[in-house]
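Participant: I'm passing along upload-v6.cif; it holds mmCIF, C-alpha atoms.
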data_query
#
loop_
_atom_site.label_atom_id
_atom_site.label_comp_id
_atom_site.auth_asym_id
_atom_site.auth_seq_id
_atom_site.Cartn_x
_atom_site.Cartn_y
_atom_site.Cartn_z
CA MET A 1 5.66 -47.50 -3.80
CA HIS A 2 6.13 -46.97 -0.08
CA TYR A 3 5.98 -49.25 2.92
CA LEU A 4 2.31 -48.55 3.63
CA SER A 5 1.19 -48.93 0.02
CA LEU A 6 -1.23 -51.64 -1.02
CA THR A 7 1.43 -52.91 -3.44
CA TRP A 8 3.91 -53.65 -0.64
CA LEU A 9 1.22 -55.07 1.65
CA SER A 10 0.07 -57.35 -1.20
CA TRP A 11 3.64 -58.55 -1.78
CA MET A 12 3.95 -59.36 1.94
CA ALA A 13 0.60 -61.18 2.17
CA GLY A 14 1.15 -63.01 -1.11
CA THR A 15 4.68 -64.09 -0.14
CA VAL A 16 3.59 -65.48 3.24
CA SER A 17 0.60 -67.36 1.74
CA VAL A 18 2.47 -68.85 -1.21
CA TYR A 19 5.45 -69.71 1.00
CA TRP A 20 3.51 -71.76 3.55
CA LEU A 21 1.20 -73.34 0.97
CA ALA A 22 4.12 -74.55 -1.16
CA PRO A 23 5.38 -78.11 -0.63
CA ARG A 24 8.08 -78.19 2.06
CA GLU A 25 10.95 -79.16 -0.25
CA TRP A 26 10.15 -76.28 -2.66
CA ARG A 27 9.40 -73.68 -0.02
CA HIS A 28 12.78 -71.97 0.14
CA TRP A 29 13.19 -71.85 -3.63
CA VAL A 30 9.73 -70.29 -3.79
CA LEU A 31 10.95 -67.48 -1.53
CA VAL A 32 14.07 -66.98 -3.67
CA ALA A 33 11.88 -66.83 -6.80
CA ILE A 34 9.49 -64.32 -5.19
CA THR A 35 12.42 -62.11 -4.15
CA ILE A 36 13.84 -62.11 -7.67
CA ALA A 37 10.35 -61.41 -9.10
CA PHE A 38 9.85 -58.49 -6.66
CA MET A 39 13.21 -56.99 -7.55
CA ALA A 40 12.67 -57.55 -11.28
CA VAL A 41 9.32 -55.74 -11.16
CA HIS A 42 10.33 -52.82 -8.91
CA ALA A 43 14.10 -52.48 -9.47
CA PRO A 44 15.38 -54.48 -12.48
CA VAL A 45 18.94 -53.12 -12.23
CA SER A 46 19.11 -54.12 -8.59
CA ALA A 47 17.73 -57.57 -9.42
CA VAL A 48 20.58 -58.16 -11.87
CA LEU A 49 23.16 -56.88 -9.36
CA LEU A 50 21.71 -58.95 -6.52
CA VAL A 51 21.72 -62.17 -8.54
CA GLY A 52 25.24 -61.32 -9.75
CA PHE A 53 26.48 -60.69 -6.19
CA THR A 54 24.89 -63.95 -5.04
CA LEU A 55 26.68 -65.91 -7.78
CA ILE A 56 29.99 -64.13 -7.07
CA SER A 57 29.65 -64.77 -3.31
CA TYR A 58 28.88 -68.44 -3.82
CA TYR A 59 31.34 -69.32 -6.60
CA GLY A 60 34.06 -67.16 -5.02
CA THR A 61 33.89 -69.00 -1.70
CA ARG A 62 32.74 -72.52 -2.56
CA THR A 63 36.12 -74.15 -1.88
CA GLU A 64 36.63 -75.88 1.48
CA MET A 65 39.13 -73.21 2.59
CA VAL A 66 38.84 -69.61 1.40
CA SER A 67 42.23 -67.91 0.98
CA GLY A 68 42.87 -64.26 1.76
CA TRP A 69 43.38 -63.44 -1.93
CA GLN A 70 40.14 -65.18 -2.83
CA ALA A 71 38.24 -63.19 -0.19
CA ILE A 72 39.87 -59.90 -1.25
CA ALA A 73 39.14 -60.51 -4.94
CA VAL A 74 35.48 -61.39 -4.35
CA SER A 75 34.93 -58.54 -1.88
CA SER A 76 36.68 -55.98 -4.10
CA VAL A 77 34.31 -56.59 -7.01
CA MET A 78 31.28 -55.88 -4.83
CA VAL A 79 32.82 -52.96 -2.93
CA VAL A 80 33.92 -51.29 -6.20
CA ILE A 81 30.38 -51.57 -7.63
CA LEU A 82 28.90 -50.16 -4.40
CA VAL A 83 31.40 -47.28 -4.35
CA ILE A 84 30.79 -46.46 -8.04
CA TYR A 85 27.06 -46.14 -7.38
CA LYS A 86 27.51 -44.17 -4.15
CA VAL A 87 29.91 -41.72 -5.82
CA ALA A 88 27.69 -41.40 -8.88
CA VAL A 89 24.61 -40.67 -6.79
CA SER A 90 26.33 -38.12 -4.57
CA GLY A 91 27.86 -36.42 -7.63
CA VAL A 92 31.17 -35.86 -5.83
CA ALA A 93 33.34 -36.75 -8.81
CA GLY A 94 31.04 -35.56 -11.59
CA THR A 95 28.55 -37.85 -13.26
CA ILE A 96 29.81 -41.36 -13.83
CA ILE A 97 26.40 -42.87 -14.55
CA GLU A 98 23.70 -40.70 -16.15
CA ASN A 99 20.78 -39.95 -13.79
CA ALA A 100 22.24 -42.31 -11.22
CA VAL A 101 19.89 -43.79 -8.63
CA ILE A 102 21.18 -46.15 -6.00
CA PRO A 103 19.86 -49.65 -6.83
CA LEU A 104 17.22 -50.78 -4.33
CA GLY A 105 18.84 -52.33 -1.24
CA LEU A 106 22.36 -52.33 -2.77
CA SER A 107 24.06 -51.08 0.43
CA TYR A 108 22.38 -53.79 2.51
CA TYR A 109 22.96 -56.78 0.30
CA THR A 110 26.56 -55.77 -0.46
CA PHE A 111 27.31 -55.85 3.28
CA ARG A 112 25.51 -59.18 3.63
CA CYS A 113 27.62 -60.64 0.81
CA LEU A 114 30.81 -59.26 2.41
CA HIS A 115 29.74 -60.76 5.73
CA LEU A 116 29.33 -64.17 4.09
CA VAL A 117 32.71 -63.95 2.33
CA ILE A 118 34.55 -62.80 5.49
CA GLU A 119 32.94 -65.46 7.67
CA ARG A 120 33.90 -68.13 5.12
CA TYR A 121 37.46 -66.76 5.04
CA LYS A 122 37.68 -66.77 8.85
CA GLY A 123 36.33 -70.30 8.91
CA ALA A 124 33.46 -69.21 11.14
CA ALA A 125 30.88 -70.26 8.56
CA PRO A 126 30.90 -73.78 7.13
CA ARG A 127 31.13 -74.43 3.40
CA THR A 128 27.81 -73.25 2.08
CA SER A 129 25.53 -74.95 -0.43
CA PHE A 130 24.19 -72.85 -3.27
CA GLN A 131 20.71 -73.32 -1.85
CA GLU A 132 21.64 -71.84 1.56
CA CYS A 133 23.66 -69.03 -0.01
CA ALA A 134 20.79 -68.04 -2.34
CA GLN A 135 18.22 -68.27 0.45
CA TYR A 136 20.32 -66.08 2.71
CA LEU A 137 21.09 -63.40 0.13
CA LEU A 138 17.73 -63.45 -1.68
CA PHE A 139 15.55 -63.03 1.40
CA LEU A 140 12.74 -60.58 0.62
CA PRO A 141 11.98 -59.19 4.13
CA THR A 142 15.46 -57.70 4.57
CA ILE A 143 16.26 -56.78 0.97
CA VAL A 144 14.94 -53.23 1.01
CA VAL A 145 15.82 -51.61 4.35
CA GLY A 146 17.77 -54.27 6.21
CA PRO A 147 18.58 -55.32 8.86
CA ILE A 148 21.91 -56.82 7.76
CA HIS A 149 21.07 -60.18 9.28
CA ARG A 150 23.71 -62.83 10.01
CA TYR A 151 24.38 -65.94 7.98
CA GLN A 152 24.92 -68.36 10.89
CA GLU A 153 21.66 -67.35 12.61
CA PHE A 154 19.80 -67.55 9.32
CA CYS A 155 21.08 -71.08 8.64
CA ARG A 156 20.12 -72.14 12.16
CA ASP A 157 16.52 -71.02 11.52
CA LEU A 158 16.61 -72.63 8.08
CA ARG A 159 17.38 -76.03 9.60
CA ARG A 160 14.84 -75.73 12.43
CA HIS A 161 12.24 -74.41 10.09
CA ARG A 162 8.63 -75.45 10.76
CA TRP A 163 5.15 -73.95 10.96
CA ASP A 164 4.34 -72.43 14.35
CA PHE A 165 1.19 -70.40 14.97
CA SER A 166 2.82 -68.26 17.67
CA MET A 167 5.37 -66.86 15.23
CA LEU A 168 2.51 -65.79 12.97
CA THR A 169 0.94 -63.73 15.76
CA GLU A 170 4.36 -62.39 16.84
CA GLY A 171 5.12 -61.36 13.27
CA LEU A 172 1.77 -59.64 12.73
CA GLU A 173 2.07 -57.81 16.06
CA ARG A 174 5.55 -56.60 15.16
CA ILE A 175 4.39 -55.38 11.75
CA LEU A 176 1.49 -53.55 13.40
CA TYR A 177 3.85 -51.80 15.85
CA GLY A 178 6.13 -50.93 12.93
CA TYR A 179 3.28 -49.24 11.09
CA VAL A 180 2.24 -47.40 14.26
CA LYS A 181 5.77 -45.96 14.42
CA ILE A 182 5.80 -45.02 10.73
CA ALA A 183 2.26 -43.75 10.21
CA VAL A 184 1.05 -42.59 13.63
CA LEU A 185 4.16 -41.44 15.50
CA GLY A 186 6.47 -40.54 12.60
CA ASN A 187 4.23 -39.14 9.89
CA TYR A 188 1.18 -37.95 11.77
CA LEU A 189 2.36 -36.78 15.18
CA VAL A 190 5.92 -35.68 14.41
CA SER A 191 5.93 -34.69 10.72
CA THR A 192 2.42 -33.21 10.68
CA LYS A 193 1.13 -32.13 14.09
CA PHE A 194 4.49 -31.21 15.63
CA VAL A 195 5.43 -29.28 12.47
CA GLU A 196 2.15 -27.34 12.74
CA LEU A 197 3.15 -26.38 16.29
CA ILE A 198 6.62 -25.34 15.09
CA GLU A 199 5.07 -23.13 12.40
CA ASP A 200 3.13 -21.26 15.09
CA VAL A 201 6.31 -20.21 16.92
CA PRO A 202 6.67 -16.39 16.52
CA PRO A 203 9.44 -15.21 14.16
CA GLU A 204 11.30 -13.41 16.96
CA SER A 205 11.97 -16.83 18.56
CA GLU A 206 13.94 -18.11 15.56
CA GLY A 207 16.42 -20.02 17.74
CA PHE A 208 13.64 -21.90 19.52
CA ARG A 209 11.89 -22.68 16.21
CA LEU A 210 15.09 -24.10 14.72
CA TYR A 211 15.74 -26.10 17.89
CA LEU A 212 12.27 -27.67 17.60
CA LEU A 213 13.04 -28.53 13.96
CA VAL A 214 16.23 -30.28 15.10
CA VAL A 215 14.16 -32.30 17.62
CA LYS A 216 11.54 -33.04 14.95
CA ASN A 217 14.18 -34.38 12.53
CA GLY A 218 15.68 -36.61 15.22
CA LEU A 219 12.32 -38.09 16.18
CA SER A 220 11.12 -38.45 12.61
CA ILE A 221 14.22 -40.34 11.45
CA TYR A 222 14.01 -42.69 14.43
CA PHE A 223 10.31 -43.50 14.05
CA GLN A 224 10.59 -44.03 10.30
CA PHE A 225 13.69 -46.18 10.30
CA SER A 226 12.81 -48.13 13.41
CA GLY A 227 9.30 -48.70 12.01
CA PHE A 228 10.70 -50.04 8.72
CA SER A 229 12.96 -52.38 10.70
CA ASP A 230 9.98 -53.63 12.74
CA VAL A 231 8.06 -54.38 9.56
CA ALA A 232 11.05 -56.27 8.13
CA ILE A 233 11.59 -58.24 11.36
CA GLY A 234 7.86 -59.02 11.59
CA PHE A 235 7.74 -60.09 7.93
CA ALA A 236 10.72 -62.40 8.50
CA ARG A 237 8.97 -63.81 11.57
CA LEU A 238 5.89 -64.60 9.47
CA LEU A 239 8.17 -66.72 7.30
CA GLY A 240 9.62 -68.50 10.34
CA PHE A 241 12.90 -66.58 10.72
CA LYS A 242 14.11 -64.66 13.76
CA ILE A 243 16.50 -61.97 12.56
CA ILE A 244 18.73 -59.50 14.38
CA GLU A 245 17.09 -56.52 16.14
CA ASN A 246 18.02 -53.12 14.73
CA PHE A 247 17.06 -50.66 17.49
CA ASN A 248 16.99 -50.81 21.26
CA TRP A 249 15.82 -47.48 22.73
CA PRO A 250 18.76 -45.54 21.25
CA TYR A 251 17.52 -42.15 22.48
CA PHE A 252 17.63 -43.29 26.12
CA GLN A 253 21.33 -44.14 26.21
CA PRO A 254 23.71 -42.35 28.59
CA ASN A 255 26.66 -41.99 26.18
CA ILE A 256 27.50 -42.00 22.50
CA SER A 257 29.18 -45.41 22.64
CA ALA A 258 26.03 -46.96 24.17
CA PHE A 259 23.97 -45.11 21.55
CA TRP A 260 25.87 -46.85 18.73
CA GLN A 261 25.20 -50.21 20.35
CA CYS A 262 21.47 -49.48 20.17
CA TRP A 263 21.08 -47.58 16.87
CA HIS A 264 21.07 -49.50 13.57
CA ILE A 265 22.49 -52.43 15.52
CA SER A 266 22.97 -54.70 12.52
CA LEU A 267 25.17 -52.13 10.72
CA SER A 268 27.11 -51.01 13.80
CA ALA A 269 27.73 -54.65 14.81
CA TRP A 270 28.92 -55.40 11.26
CA CYS A 271 31.35 -52.48 11.38
CA ARG A 272 32.46 -53.36 14.91
CA ASN A 273 33.30 -56.93 13.81
CA TYR A 274 34.96 -56.14 10.51
CA ILE A 275 36.42 -52.63 10.97
CA TYR A 276 36.82 -51.79 14.67
CA ASP A 277 38.17 -55.20 15.75
CA VAL A 278 40.59 -55.28 12.80
CA VAL A 279 41.94 -51.78 13.54
CA ILE A 280 42.27 -52.61 17.24
CA ALA A 281 44.08 -55.87 16.44
CA THR A 282 46.53 -54.22 14.07
CA LEU A 283 47.05 -50.69 15.46
CA ARG A 284 46.06 -51.19 19.14
CA SER A 285 44.28 -47.84 19.11
CA PRO A 286 40.62 -47.62 20.23
CA ALA A 287 40.52 -43.99 19.04
CA LEU A 288 41.59 -44.88 15.48
CA GLY A 289 39.23 -47.86 15.60
CA ALA A 290 36.30 -45.60 16.48
CA LEU A 291 37.20 -43.03 13.83
CA ALA A 292 37.61 -45.69 11.11
CA THR A 293 34.37 -47.44 12.08
CA LEU A 294 32.26 -44.30 12.13
CA THR A 295 33.77 -43.12 8.85
CA VAL A 296 32.79 -46.40 7.18
CA ILE A 297 29.29 -46.20 8.70
CA ALA A 298 28.97 -42.65 7.37
CA LEU A 299 30.24 -43.43 3.88
CA TRP A 300 28.02 -46.50 3.74
CA HIS A 301 25.08 -44.09 3.88
CA GLU A 302 26.47 -41.77 1.22
CA ILE A 303 29.91 -40.92 -0.13
CA SER A 304 29.83 -37.16 0.27
CA PRO A 305 31.63 -34.45 2.30
CA ARG A 306 28.62 -33.96 4.59
CA TYR A 307 28.47 -37.65 5.55
CA PHE A 308 32.25 -37.68 6.00
CA VAL A 309 31.91 -34.78 8.46
CA TRP A 310 28.99 -36.58 10.15
CA GLY A 311 31.15 -39.71 10.60
CA LEU A 312 34.03 -37.63 11.94
CA TYR A 313 31.65 -35.86 14.36
CA HIS A 314 30.45 -39.19 15.80
CA GLY A 315 33.96 -40.71 15.73
CA LEU A 316 35.37 -37.76 17.66
CA GLY A 317 32.42 -38.01 20.05
CA ILE A 318 33.36 -41.61 20.86
CA VAL A 319 37.07 -40.69 21.18
CA LEU A 320 36.16 -37.93 23.64
CA TRP A 321 33.98 -40.34 25.58
CA GLN A 322 36.85 -42.89 25.68
CA GLN A 323 39.20 -40.19 27.02
CA PHE A 324 36.59 -39.12 29.55
CA GLN A 325 36.40 -42.71 30.84
CA ASN A 326 40.12 -42.53 31.69
CA VAL A 327 39.75 -39.16 33.44
CA LYS A 328 36.57 -40.22 35.25
CA GLN A 329 38.47 -42.74 37.39
CA HIS A 330 40.09 -39.82 39.24
CA PHE A 331 36.75 -38.19 40.11
CA PRO A 332 35.35 -38.66 43.65
CA LYS A 333 32.82 -41.51 43.85
CA ILE A 334 29.15 -40.43 43.94
CA ASN A 335 27.17 -42.23 46.64
CA SER A 336 23.88 -40.32 46.55
CA PRO A 337 21.27 -42.25 44.51
CA VAL A 338 19.41 -39.01 43.71
CA LEU A 339 22.54 -37.36 42.32
CA LYS A 340 23.38 -40.53 40.40
CA ARG A 341 19.93 -40.54 38.83
CA PHE A 342 20.17 -36.82 38.01
CA LEU A 343 23.57 -37.28 36.34
CA TYR A 344 22.26 -40.28 34.40
CA GLY A 345 19.31 -38.21 33.14
CA LEU A 346 21.66 -35.37 32.22
CA SER A 347 23.95 -37.69 30.27
CA VAL A 348 20.95 -39.14 28.38
CA LEU A 349 19.86 -35.60 27.47
CA LEU A 350 23.37 -34.65 26.37
CA THR A 351 23.73 -37.81 24.27
CA VAL A 352 20.40 -37.43 22.53
CA HIS A 353 21.16 -33.77 21.71
CA PHE A 354 24.61 -34.74 20.45
CA VAL A 355 22.90 -37.15 18.05
CA TRP A 356 20.09 -34.79 17.00
CA TYR A 357 22.59 -32.02 16.23
CA SER A 358 24.65 -34.46 14.15
CA LEU A 359 21.60 -35.03 11.96
CA VAL A 360 21.62 -31.32 11.08
CA ILE A 361 24.85 -31.96 9.13
CA VAL A 362 23.21 -34.54 6.85
CA THR A 363 19.76 -32.99 6.52
CA GLN A 364 20.77 -29.45 5.57
CA PRO A 365 21.70 -28.71 1.92
CA THR A 366 24.90 -26.75 2.67
CA PHE A 367 27.41 -26.33 5.49
CA LEU A 368 26.34 -22.67 5.71
CA ASP A 369 22.81 -23.79 6.60
CA VAL A 370 24.28 -26.17 9.19
CA TRP A 371 26.31 -23.34 10.68
CA HIS A 372 23.24 -21.07 10.69
CA ILE A 373 21.30 -23.64 12.78
CA TYR A 374 24.22 -24.24 15.15
CA LYS A 375 24.82 -20.52 15.55
CA THR A 376 21.16 -19.65 16.09
CA THR A 377 20.36 -22.45 18.53
CA LEU A 378 23.65 -23.08 20.34
CA PHE A 379 25.90 -20.03 19.91
CA PHE A 380 23.18 -17.38 19.72
CA TYR A 381 25.50 -14.82 21.29
CA LEU A 382 27.83 -14.85 18.21
CA MET B 1 0.70 -58.27 24.33
CA LEU B 2 -1.37 -61.41 24.95
CA GLN B 3 1.33 -62.94 27.16
CA PHE B 4 1.55 -59.72 29.15
CA LEU B 5 -2.22 -59.52 29.72
CA LYS B 6 -2.47 -63.25 30.49
CA SER B 7 -0.27 -62.73 33.52
CA TYR B 8 -2.85 -60.31 34.99
CA LEU B 9 -6.22 -61.42 33.60
CA PRO B 10 -8.15 -64.63 32.84
CA GLU B 11 -7.32 -65.87 29.33
CA VAL B 12 -10.65 -65.00 27.74
CA TYR B 13 -10.43 -61.34 28.85
CA ALA B 14 -6.78 -61.19 27.86
CA ARG B 15 -7.65 -62.41 24.36
CA LEU B 16 -10.53 -60.00 24.05
CA LEU B 17 -8.43 -57.03 25.17
CA THR B 18 -5.60 -58.03 22.85
CA ALA B 19 -8.00 -58.22 19.90
CA LEU B 20 -9.42 -54.79 20.80
CA TRP B 21 -5.90 -53.38 21.12
CA TYR B 22 -5.00 -54.60 17.60
CA VAL B 23 -8.23 -53.25 16.13
CA ALA B 24 -7.64 -49.88 17.82
CA LEU B 25 -4.07 -49.69 16.51
CA THR B 26 -5.17 -50.63 12.99
CA GLY B 27 -7.85 -47.96 13.14
CA LEU B 28 -5.33 -45.42 14.33
CA ILE B 29 -2.95 -46.29 11.49
CA LEU B 30 -5.76 -45.95 8.94
CA TYR B 31 -6.98 -42.66 10.45
CA CYS B 32 -3.48 -41.17 10.47
CA SER B 33 -2.77 -42.38 6.95
CA LEU B 34 -6.02 -41.07 5.49
CA GLU B 35 -6.08 -37.75 7.38
CA PRO B 36 -6.09 -35.11 4.62
CA ASN B 37 -3.43 -32.92 6.21
CA ALA B 38 -1.08 -35.80 6.92
CA ASN B 39 2.32 -34.86 5.71
CA PHE B 40 3.48 -38.03 4.00
CA ARG B 41 7.17 -38.40 3.74
CA TYR B 42 7.55 -42.11 3.39
CA THR B 43 10.97 -43.23 2.42
CA ALA B 44 10.51 -44.44 -1.13
CA LEU B 45 11.37 -48.05 -1.59
#
Spit out the file's structure as structure tokens when you get a sec.
Facilitator:
Amino acid sequence: MHYLSLTWLSWMAGTVSVYWLAPREWRHWVLVAITIAFMAVHAPVSAVLLVGFTLISYYGTRTEMVSGWQAIAVSSVMVVILVIYKVAVSGVAGTIIENAVIPLGLSYYTFRCLHLVIERYKGAAPRTSFQECAQYLLFLPTIVVGPIHRYQEFCRDLRRHRWDFSMLTEGLERILYGYVKIAVLGNYLVSTKFVELIEDVPPESEGFRLYLLVVKNGLSIYFQFSGFSDVAIGFARLLGFKIIENFNWPYFQPNISAFWQCWHISLSAWCRNYIYDVVIATLRSPALGALATLTVIALWHEISPRYFVWGLYHGLGIVLWQQFQNVKQHFPKINSPVLKRFLYGLSVLLTVHFVWYSLVIVTQPTFLDVWHIYKTTLFFYL
Amino acid sequence: MLQFLKSYLPEVYARLLTALWYVALTGLILYCSLEPNANFRYTAL
């Protein structure tokens, strides 16, 4: 099943209809039941894990005050399960689980559970009822591909919840734009038509052909992932919930730090709150904070050497940018608006290429292939 | 889309154009999805 399949579209339409037709007091339990049914049909292992994580998150934090040990114990159980699956799938340490496949949405709902536990520990989230906890964690629109929406915002919508025709049109419009990104821009224009153009490039221009493939990968990943997020956000809107945005024109940002504030926003904000801020508070080092944050973001995708290198690449990029900010103060001030605009455009181009070339690390099968692309397109004189 | 058009056009035209815009996009999605050479690489759920 994929996001444009009739099966998924039927689940969406059925969920929205049943949800709004159900009596008000049952409505939220109906959504929880549909989510469990969806997971049980399409990913039974994940359904068991998700229900288990929900119970652990609720019973582990149901006291008025959540102690540090309580939070660590509850979080550790979920993190260990996530790590076991990630390691098993990547095959780094041999096969732990036979024919391992990552359970559907595991990375997303683990981080949502951790968010809930940490917010309860910090006292930023009030004591939760089982109903609210289950509704937050068993929320079908964001189960599969995120975003990692926030508990406080979700509860706010839960309390204000009522039928509003405008949110129905907003939701449908958002879903439509999501599918345009996935099917028209991503699959048709980039992965089909653009690839046909790349195939026509003569063999003697190997460097140019590989460069176009790098561009194609960058565009394809953005349109696909951003499209999926739009569908999830639109689906949530149809159910009356406004959830966190996940992308904000990431390829038009002038530096790598700004890029990470606009790319997979829900994950980068999660890591900024729970990794970067903690490292800064304890070690007082923005550089270590950036490296730790990007390493966690990378390993969240996959625990493997290539993702570790990818995280390090982005972490070092941010460290370099931080250092550049210090040096920049000594540069003469630019007053010409034309030059300012030119430099802005140049920095956007540099940033987007920095990101596209990072994707080579995670899309190529071996580091030799990565080096071949770098050498052919960037260091062609070697 | 409707809000955007409403600020430039009378409401009836804005609604009509919005409806046409949605139909056109839906058609485009269907065309691109059903095109025989389309290289489908949907991320499996």
Participant: List as a PDB file with C-alpha atoms, in the frame of the given file the protein and nucleic acid residues near His372 (chain A), meaning an atom at most 10 Å away when all atoms listed in the file are counted, but skip any in the same chain fewer than 6 places from it.
Facilitator:
ATOM      1  CA  GLY A 207      16.420 -20.020  17.740  1.00  0.00           C
ATOM      2  CA  LEU A 210      15.090 -24.100  14.720  1.00  0.00           C
ATOM      3  CA  THR A 366      24.900 -26.750   2.670  1.00  0.00           C
ATOM      4  CA  LEU A 378      23.650 -23.080  20.340  1.00  0.00           C
ATOM      5  CA  PHE A 379      25.900 -20.030  19.910  1.00  0.00           C
ATOM      6  CA  PHE A 380      23.180 -17.380  19.720  1.00  0.00           C
TER       7      PHE A 380
END
Participant: Please expand the PyMOL selection byres ((chain A) within 8 of (chain B)) into the concrete residues it hits in this file, giving the result as a list of chain:residue names.
Facilitator: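 Applying the expression gives A:Met1, A:His2, A:Tyr3, A:Leu104, A:Val144, A:Glu173, A:Leu176, A:Tyr179, A:Val180, A:Ala183, A:Val184, A:Asn187, A:Tyr188, A:Ser191, A:Thr192, A:Gln224.
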Participant: So how far away is CA of Glu245 (chain A) from CA of Gln322 (chain A), in Å?
Facilitator: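 CA of Glu245 (chain A) lies at a distance of 25.8 Å from CA of Gln322 (chain A).
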Participant: From the set A:Leu50, A:Ala43, A:Ile81, A:Leu239, which residue has the shortest atom-to-atom contact distance to Ala13 (chain A), counting only C-alpha atoms?
Facilitator: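 Closest residue, counting only C-alpha atoms: A:Leu239.
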Participant: Can you list, as an mmCIF file with C-alpha atoms, in the coordinates of the input, every protein, DNA or RNA residue that comes within 12 Å of Leu350 (chain A) when you count all atoms listed in the file, leaving out same-chain residues fewer than 6 positions away?
Facilitator:
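Once everything was written out, this is around-v3.cif:
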data_model
loop_
_atom_site.group_PDB
_atom_site.id
_atom_site.type_symbol
_atom_site.label_atom_id
_atom_site.label_comp_id
_atom_site.auth_asym_id
_atom_site.auth_seq_id
_atom_site.Cartn_x
_atom_site.Cartn_y
_atom_site.Cartn_z
ATOM 1 C CA TYR A 251 17.520 -42.150 22.480
ATOM 2 C CA PHE A 252 17.630 -43.290 26.120
ATOM 3 C CA GLN A 253 21.330 -44.140 26.210
ATOM 4 C CA PRO A 254 23.710 -42.350 28.590
ATOM 5 C CA ASN A 255 26.660 -41.990 26.180
ATOM 6 C CA ILE A 256 27.500 -42.000 22.500
ATOM 7 C CA PHE A 259 23.970 -45.110 21.550
ATOM 8 C CA GLY A 317 32.420 -38.010 20.050
ATOM 9 C CA LEU A 343 23.570 -37.280 36.340
ATOM 10 C CA TYR A 344 22.260 -40.280 34.400
ATOM 11 C CA TRP A 356 20.090 -34.790 17.000
ATOM 12 C CA TYR A 357 22.590 -32.020 16.230
#
